[in-house]
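J.: To be precise about what I am sending: the file is called input_39.pdb and holds PDB, C-alpha atoms, pLDDT in the B column.
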```
MODEL        1
ATOM      1  CA  MET A  70     -20.702   9.344 -14.971  1.00 65.00           C
ATOM      2  CA  LYS A  71     -18.753   9.067 -11.760  1.00 85.00           C
ATOM      3  CA  ASN A  72     -20.514   9.756  -8.457  1.00 93.00           C
ATOM      4  CA  ILE A  73     -18.804  12.100  -6.021  1.00 95.00           C
ATOM      5  CA  TYR A  74     -19.570  11.926  -2.314  1.00 96.00           C
ATOM      6  CA  LEU A  75     -18.861  13.968   0.777  1.00 96.00           C
ATOM      7  CA  ILE A  76     -17.892  12.134   3.948  1.00 96.00           C
ATOM      8  CA  LYS A  77     -21.431  12.482   5.358  1.00 96.00           C
ATOM      9  CA  ASP A  78     -22.794  10.798   2.224  1.00 96.00           C
ATOM     10  CA  LEU A  79     -20.325   7.930   2.591  1.00 95.00           C
ATOM     11  CA  ALA A  80     -21.346   7.484   6.212  1.00 96.00           C
ATOM     12  CA  ARG A  81     -25.027   7.301   5.289  1.00 96.00           C
ATOM     13  CA  LEU A  82     -24.507   4.938   2.337  1.00 96.00           C
ATOM     14  CA  SER A  83     -21.909   2.629   3.887  1.00 94.00           C
ATOM     15  CA  GLY A  84     -23.233   2.358   7.438  1.00 93.00           C
ATOM     16  CA  HIS A  85     -19.996   3.659   8.964  1.00 95.00           C
ATOM     17  CA  THR A  86     -19.778   6.749  11.135  1.00 96.00           C
ATOM     18  CA  ILE A  87     -17.940   9.845   9.963  1.00 96.00           C
ATOM     19  CA  TYR A  88     -15.393   9.245  12.727  1.00 97.00           C
ATOM     20  CA  THR A  89     -14.766   5.684  11.547  1.00 96.00           C
ATOM     21  CA  ILE A  90     -14.251   6.872   7.971  1.00 96.00           C
ATOM     22  CA  LYS A  91     -11.750   9.492   9.196  1.00 96.00           C
ATOM     23  CA  TYR A  92      -9.987   6.751  11.174  1.00 95.00           C
ATOM     24  CA  TYR A  93      -9.732   4.579   8.056  1.00 94.00           C
ATOM     25  CA  LEU A  94      -8.304   7.584   6.199  1.00 94.00           C
ATOM     26  CA  ASN A  95      -5.644   7.969   8.898  1.00 92.00           C
ATOM     27  CA  LEU A  96      -4.801   4.258   8.693  1.00 89.00           C
ATOM     28  CA  GLY A  97      -4.475   4.476   4.924  1.00 89.00           C
ATOM     29  CA  ILE A  98      -7.169   1.893   4.255  1.00 91.00           C
ATOM     30  CA  ILE A  99      -9.087   4.390   2.120  1.00 93.00           C
ATOM     31  CA  LYS A 100      -8.151   7.591   0.323  1.00 93.00           C
ATOM     32  CA  GLU A 101     -10.007  10.708  -0.651  1.00 94.00           C
ATOM     33  CA  ILE A 102      -9.974  11.627  -4.332  1.00 94.00           C
ATOM     34  CA  GLY A 103      -9.616  15.327  -3.612  1.00 94.00           C
ATOM     35  CA  ARG A 104     -10.485  18.308  -1.461  1.00 94.00           C
ATOM     36  CA  SER A 105     -12.304  21.527  -1.996  1.00 92.00           C
ATOM     37  CA  PRO A 106      -9.812  24.417  -1.886  1.00 92.00           C
ATOM     38  CA  GLU A 107     -12.448  26.730  -0.404  1.00 94.00           C
ATOM     39  CA  THR A 108     -13.918  24.486   2.292  1.00 92.00           C
ATOM     40  CA  SER A 109     -11.378  21.643   2.638  1.00 91.00           C
ATOM     41  CA  PHE A 110     -14.270  19.166   2.299  1.00 94.00           C
ATOM     42  CA  ARG A 111     -13.017  15.738   1.266  1.00 95.00           C
ATOM     43  CA  TYR A 112     -14.374  14.140  -1.905  1.00 96.00           C
ATOM     44  CA  PHE A 113     -14.802  10.410  -2.474  1.00 96.00           C
ATOM     45  CA  ASP A 114     -16.022   8.231  -5.337  1.00 95.00           C
ATOM     46  CA  ASP A 115     -17.809   4.912  -5.878  1.00 95.00           C
ATOM     47  CA  VAL A 116     -14.551   2.989  -5.460  1.00 94.00           C
ATOM     48  CA  VAL A 117     -14.254   4.251  -1.879  1.00 95.00           C
ATOM     49  CA  LEU A 118     -17.901   3.479  -1.187  1.00 96.00           C
ATOM     50  CA  GLU A 119     -17.500  -0.108  -2.394  1.00 94.00           C
ATOM     51  CA  ARG A 120     -14.319  -0.469  -0.361  1.00 94.00           C
ATOM     52  CA  LEU A 121     -16.137   0.717   2.764  1.00 96.00           C
ATOM     53  CA  LYS A 122     -18.891  -1.820   2.128  1.00 95.00           C
ATOM     54  CA  GLU A 123     -16.259  -4.556   1.821  1.00 95.00           C
ATOM     55  CA  ILE A 124     -14.591  -3.398   5.054  1.00 95.00           C
ATOM     56  CA  ARG A 125     -17.952  -3.519   6.814  1.00 94.00           C
ATOM     57  CA  LYS A 126     -18.510  -7.084   5.585  1.00 95.00           C
ATOM     58  CA  LEU A 127     -15.039  -8.168   6.751  1.00 95.00           C
ATOM     59  CA  ARG A 128     -15.524  -6.527  10.162  1.00 94.00           C
ATOM     60  CA  LYS A 129     -18.739  -8.538  10.576  1.00 94.00           C
ATOM     61  CA  GLU A 130     -16.588 -11.628   9.960  1.00 95.00           C
ATOM     62  CA  ASN A 131     -14.452 -10.494  12.945  1.00 95.00           C
ATOM     63  CA  LYS A 132     -11.421  -9.588  10.824  1.00 94.00           C
ATOM     64  CA  SER A 133      -9.017  -7.133  12.430  1.00 92.00           C
ATOM     65  CA  LEU A 134      -8.148  -3.884  10.692  1.00 90.00           C
ATOM     66  CA  ALA A 135      -4.628  -5.196  10.107  1.00 89.00           C
ATOM     67  CA  GLU A 136      -6.072  -8.288   8.394  1.00 91.00           C
ATOM     68  CA  ILE A 137      -8.454  -6.142   6.363  1.00 90.00           C
ATOM     69  CA  LYS A 138      -5.652  -3.842   5.245  1.00 88.00           C
ATOM     70  CA  GLU A 139      -3.645  -6.874   4.133  1.00 88.00           C
ATOM     71  CA  LEU A 140      -6.623  -8.527   2.391  1.00 89.00           C
ATOM     72  CA  LEU A 141      -7.500  -5.353   0.534  1.00 86.00           C
ATOM     73  CA  GLY A 142      -3.941  -4.724  -0.543  1.00 79.00           C
ATOM     74  CA  GLY A 143      -2.968  -2.086   1.985  1.00 59.00           C
ATOM     75  CA  GLU A 144      -3.607   1.420   0.856  1.00 53.00           C
ATOM     76  CA  GLN A 145      -6.349   1.907  -1.663  1.00 49.00           C
ATOM     77  CA  MET A 146      -5.117   1.930  -5.227  1.00 44.00           C
ATOM     78  CA  PHE A 147      -6.491   4.273  -7.881  1.00 38.00           C
TER      79      PHE A 147
ENDMDL
END
```
Written as structure tokens, how would this file's structure read?

T.:
Amino acid sequence: MKNIYLIKDLARLSGHTIYTIKYYLNLGIIKEIGRSPETSFRYFDDVVLERLKEIRKLRKENKSLAEIKELLGGEQMF
């Protein structure tokens, strides 16, 4: 079964802030898997969580966001 997360859950589990996750969304480094039509809440899955963990690891290695985007293949693929 696939886990579904809200942005606040991703922030808690990945160690990133909600604002950082929104920034990565704007850069195209990560993608939401959907939105609630009633609330417009974004939904994410385990793939996004793992990608955020990898980004965090690369940032600790002093990689720039441009380098990270290139290393991870640009926009997240589903």

J.: Which residues are close to Ile90 in chain A, i.e. within 10 Å by all atoms listed in the file, leaving aside same-chain residues fewer than 6 positions away? Reply as a list in words.

T.: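 Here the answer would be Ile76, Lys77, Leu79, Ala80, Ser83, Leu96, Ile98, Ile99, Lys100 and Leu121 of chain A.
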
J.: Output C-alpha atoms for every residue in the selection just made, as a PDB file, in the frame of the given file.

T.:
```pdb
ATOM      1  CA  ILE A  76     -17.892  12.134   3.948  1.00 96.00           C
ATOM      2  CA  LYS A  77     -21.431  12.482   5.358  1.00 96.00           C
ATOM      3  CA  LEU A  79     -20.325   7.930   2.591  1.00 95.00           C
ATOM      4  CA  ALA A  80     -21.346   7.484   6.212  1.00 96.00           C
ATOM      5  CA  SER A  83     -21.909   2.629   3.887  1.00 94.00           C
ATOM      6  CA  LEU A  96      -4.801   4.258   8.693  1.00 89.00           C
ATOM      7  CA  ILE A  98      -7.169   1.893   4.255  1.00 91.00           C
ATOM      8  CA  ILE A  99      -9.087   4.390   2.120  1.00 93.00           C
ATOM      9  CA  LYS A 100      -8.151   7.591   0.323  1.00 93.00           C
ATOM     10  CA  LEU A 121     -16.137   0.717   2.764  1.00 96.00           C
TER      11      LEU A 121
END
```

J.: Would you kindly translate the PyMOL selection byres ((chain A and resi 124) around 12) into the concrete residues it picks from this file, as a PyMOL selection string?

T.: chain A and resi 83-85+89-90+93+98-99+117-123+125-141+145

J.: To one decimal in Å, tell me the separation between CA of Asp115 in chain A and CA of Gly142 in chain A.

T.: 17.7 Å

J.: Measuring between only C-alpha atoms, which one of A:Leu75, A:Asn95, A:Ile87, A:Arg81 shows the shortest distance to Ser109 in chain A?

T.: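 Closest candidate: A:Leu75.
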
J.: List as number ranges by chain the protein and nucleic acid residues near Glu101 in chain A, meaning an atom at most 7 Å away when all atoms listed in the file are counted, but skip any in the same chain fewer than 6 places from it.

T.: A: 111-113

J.: CA of Ile102 in chain A and CA of Leu82 in chain A are how many Å apart?

T.: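 Those two atoms sit 17.3 Å apart.
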
J.: Would you mind reading off the distance between CA of Val116 in chain A and CA of Thr86 in chain A, one decimal, in Å?

T.: 17.8 Å

J.: Can you list what the PyMOL selection byres ((chain A and resi 71) around 9) grabs from this structure, as a list in words?

T.: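 Here the PyMOL selection byres ((chain A and resi 71) around 9) matches Met70, Asn72, Ile73, Asp114 and Asp115 of chain A.
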
J.: Hey, can I get the axis-aligned box for range 122-127 of chain A? All listed atoms, 4 Å padding on each side, centre and edge lengths in Å to one decimal, as lines of an AutoDock Vina configuration file.

T.:
```
center_x = -16.7
center_y = -5.0
center_z = 4.3
size_x = 12.3
size_y = 14.3
size_z = 13.0
```
